[in-house]
Amino acid sequence: MHVSDSLVIGAGQAGLSASFHLRRLGIDHVVLDADEGPGGAWQHRWDSLSMDDVHGVADLPDGPAPGRGGDRANVVIPGWFGAYERAFDLPVLRPVRVDRVESAGDLLVVRADARTWTTRTLVNATGTWTRPFVPSYPGAETFLGEQLHTVDYPGPEHFAGKRVLVVGGGASAVQFLGELAPLTDVLWVTRRPPVWREEWGEHAGRDAITLVQQRVAAGLPPASVVSVTGLGLRPQEQEAARLGVYDARRPMFERIEPDGVRWADGSFEPVDVILWATGFRPAVTHLAPLRLRSPLGGIALEMVGKDVQTAVTSVVDPRVQLVGYGPSASTIGGNRAGRAAALAVRRHLRERSTLSA
């Protein structure tokens with residue numbers, strides 16, 4: 001039985017960064033990725049999302065990110081990831097969808113259908129894309145129109161001539177409204193009034209990520225960075241702002257009816273489509289056998305270095321590193337977390353070797 005020193009689950013930005021640093025440190029490892037090809041979640045994004053639209057893609061280690069432009073992000077970034085894997089000969093196996101990770105003494109056993117891998121340490125880089133969240137609302141099952149989540153978004157042309165209700169207070173909701181408002185009739189609802197930021201700087205971003213890290217350190221479920229920083233409008237969303245879509249936001253409705261939604265005050269809006277831009281949850285159910293969650297519902301992580309984005313090591317089981325979770329859930333954060341995870345893996349292997357000597 002081969003026992004690897006480490007195993008990475010997921011070949012998105014954070015997983016590739018972790019693999020690069022593990023290889024640089026000479027640590028024997030394999031990367032298991034559930035997709036048919038390179039690209040992580042980017043390959044599943046909608047066709048109308050161009051490189052000008054993305055909120056920012058950080059360089060990979062020794063791998064400059066593609067520039068901005070009108071080309072499709074779901075083509076450009078998978079191509080970049082694939083070239084990066086080949087250039088650095090990263091040991092990615094796909095498609096392999098991990099079902100569960102179990103502890104077996106000092107080792108970890110990773111199971112995917114009938115296949116198993118045994119490893120001394122684990123780097124989890126599974127992100128959130130495969131765990132879309134749709135809240136439960138009375139009457140949702142009676143709606144006769146379309147209900148779509150961000151993961152299903154087919155592009156703006158699909159909605160021409162339809163009345164669309166966009167639900168959610170995050171960056172995706174703002175972007176969908178920006179695309180749809182010039183094309184068709186749209187409404188926007190959120191649970192809480194949106195907080196618009198006047199300007200964005202490195203200091204504000206760092207403060208926001210620190211707050212997310214503090215939640216993770218306490219064992220709370222991670223909150224999105226935008227819930228702390230507030231929302232901003234990009235140039236391509238100014239037409240929707242001129243049309244008054246953002247100012248006309250309404251609070252959440254009380255129930256869904258076959259032809260629309262109704263509020264507590266009895267008011268009703270007919271809609272053809274409900275677009276749930278309601279976010280995602282971390283894709284970590286395969287880690288459940290390790291019992292990493294705290295009583296507060298999150299996975300408590302401790303920092304490897306001084307930077308808040310190096311909070312990657314499980315407090316419950318230091319053999320396990322989580323990258324792209326909580327404070328490192330961004331492309332630049334994933335890079336920093338990948339390096340931190342590799343260093344934590346090396347430290348754990350050295351400590352284990354010292355104890356067994």
# chains A, B, ... in the order shown; residues from 1 in each chain; ligands from 1
$ residues_around --residues "Asp247 (chain A)" --least-positions-apart "3" --cutoff "12 Å" --atoms "only C-alpha atoms" --output "PyMOL selection string"
chain A and resi 174+177+187-189+193-196+240-244+250-251
$ write_last_selection --atoms "N, CA and C atoms" --output "tab-separated table (two decimals), in the first residue's frame"
chain	number	residue	atom	x	y	z
A	174	VAL	N	-25.84	41.78	-7.77
A	174	VAL	CA	-25.58	43.09	-8.36
A	174	VAL	C	-25.17	42.94	-9.82
A	177	LEU	N	-28.21	41.91	-12.04
A	177	LEU	CA	-29.06	43.07	-12.28
A	177	LEU	C	-28.44	44.00	-13.32
A	187	LEU	N	-36.68	42.88	-10.86
A	187	LEU	CA	-36.93	43.31	-9.48
A	187	LEU	C	-35.81	42.75	-8.62
A	188	TRP	N	-35.52	43.43	-7.52
A	188	TRP	CA	-34.45	42.99	-6.61
A	188	TRP	C	-34.98	42.95	-5.20
A	189	VAL	N	-34.76	41.81	-4.51
A	189	VAL	CA	-35.11	41.69	-3.10
A	189	VAL	C	-33.93	41.14	-2.32
A	193	PRO	N	-31.05	45.45	4.06
A	193	PRO	CA	-30.67	46.52	3.14
A	193	PRO	C	-29.22	46.39	2.74
A	194	PRO	N	-28.91	46.54	1.47
A	194	PRO	CA	-27.51	46.42	1.04
A	194	PRO	C	-26.68	47.58	1.58
A	195	VAL	N	-25.43	47.29	1.85
A	195	VAL	CA	-24.49	48.32	2.30
A	195	VAL	C	-23.55	48.62	1.14
A	196	TRP	N	-23.61	49.84	0.66
A	196	TRP	CA	-22.78	50.24	-0.48
A	196	TRP	C	-21.52	50.91	0.05
A	240	ALA	N	-27.80	50.00	-15.29
A	240	ALA	CA	-28.83	49.48	-14.39
A	240	ALA	C	-29.09	50.46	-13.26
A	241	ALA	N	-28.04	51.11	-12.76
A	241	ALA	CA	-28.22	52.12	-11.72
A	241	ALA	C	-29.03	53.30	-12.24
A	242	ARG	N	-28.75	53.72	-13.48
A	242	ARG	CA	-29.49	54.84	-14.07
A	242	ARG	C	-30.97	54.50	-14.22
A	243	LEU	N	-31.25	53.22	-14.48
A	243	LEU	CA	-32.63	52.78	-14.62
A	243	LEU	C	-33.35	52.64	-13.28
A	244	GLY	N	-32.60	52.78	-12.18
A	244	GLY	CA	-33.21	52.78	-10.85
A	244	GLY	C	-33.43	51.41	-10.22
A	250	ARG	N	-36.49	45.83	-2.76
A	250	ARG	CA	-37.52	45.59	-1.76
A	250	ARG	C	-37.04	44.55	-0.75
A	251	PRO	N	-37.63	44.53	0.47
A	251	PRO	CA	-37.30	43.48	1.43
A	251	PRO	C	-37.84	42.14	0.96
$ residues_around --residues "Arg319 (chain A)" --least-positions-apart "5" --cutoff "7 Å" --atoms "only C-alpha atoms" --output "ChimeraX atom specification"
/A:121-122,348
$ closest_residue --among "A:Ser267, A:Thr150, A:Ser294, A:Thr310" --to "Gln213 (chain A)" --atoms "only C-alpha atoms"
A:Thr310
$ atom_distance --atom1 "CA of Gly56 (chain A)" --atom2 "CA of Ser314 (chain A)"
27.9 Å
$ residues_around --residues "Gly67 (chain A)" --least-positions-apart "6" --cutoff "12 Å" --atoms "only C-alpha atoms" --output "compact mmCIF listing (two decimals) with N, CA and C atoms, in the first residue's frame"
# COMPACT_ATOMS: atom_id res chain seq x y z
N SER A 50 -17.15 37.80 -18.92
CA SER A 50 -15.88 38.01 -19.62
C SER A 50 -14.77 38.29 -18.61
N MET A 51 -13.55 38.34 -19.09
CA MET A 51 -12.42 38.66 -18.22
C MET A 51 -12.51 40.09 -17.70
N ASP A 52 -13.24 40.95 -18.39
CA ASP A 52 -13.49 42.30 -17.88
C ASP A 52 -14.48 42.30 -16.72
N ASP A 53 -15.31 41.25 -16.64
CA ASP A 53 -16.36 41.18 -15.63
C ASP A 53 -15.89 40.59 -14.30
N VAL A 54 -14.87 39.74 -14.33
CA VAL A 54 -14.48 39.04 -13.11
C VAL A 54 -13.93 40.04 -12.10
N GLY A 56 -11.49 39.90 -10.20
CA GLY A 56 -10.04 39.90 -10.01
C GLY A 56 -9.52 38.49 -9.86
N VAL A 57 -8.53 38.15 -10.63
CA VAL A 57 -7.90 36.83 -10.55
C VAL A 57 -6.43 37.05 -10.23
N ALA A 58 -5.97 36.52 -9.12
CA ALA A 58 -4.58 36.71 -8.72
C ALA A 58 -3.66 35.76 -9.48
N ASP A 59 -2.40 36.14 -9.58
CA ASP A 59 -1.40 35.25 -10.16
C ASP A 59 -1.31 33.97 -9.36
N ALA A 73 -14.45 34.17 -19.58
CA ALA A 73 -13.67 33.71 -18.43
C ALA A 73 -13.70 32.19 -18.32
N VAL A 76 -10.86 31.21 -20.82
CA VAL A 76 -9.51 31.73 -20.56
C VAL A 76 -8.90 31.10 -19.32
N ILE A 77 -9.64 31.11 -18.22
CA ILE A 77 -9.05 30.63 -16.96
C ILE A 77 -8.83 29.12 -16.96
N TRP A 80 -5.67 28.61 -18.80
CA TRP A 80 -4.52 29.01 -17.98
C TRP A 80 -4.20 27.95 -16.93
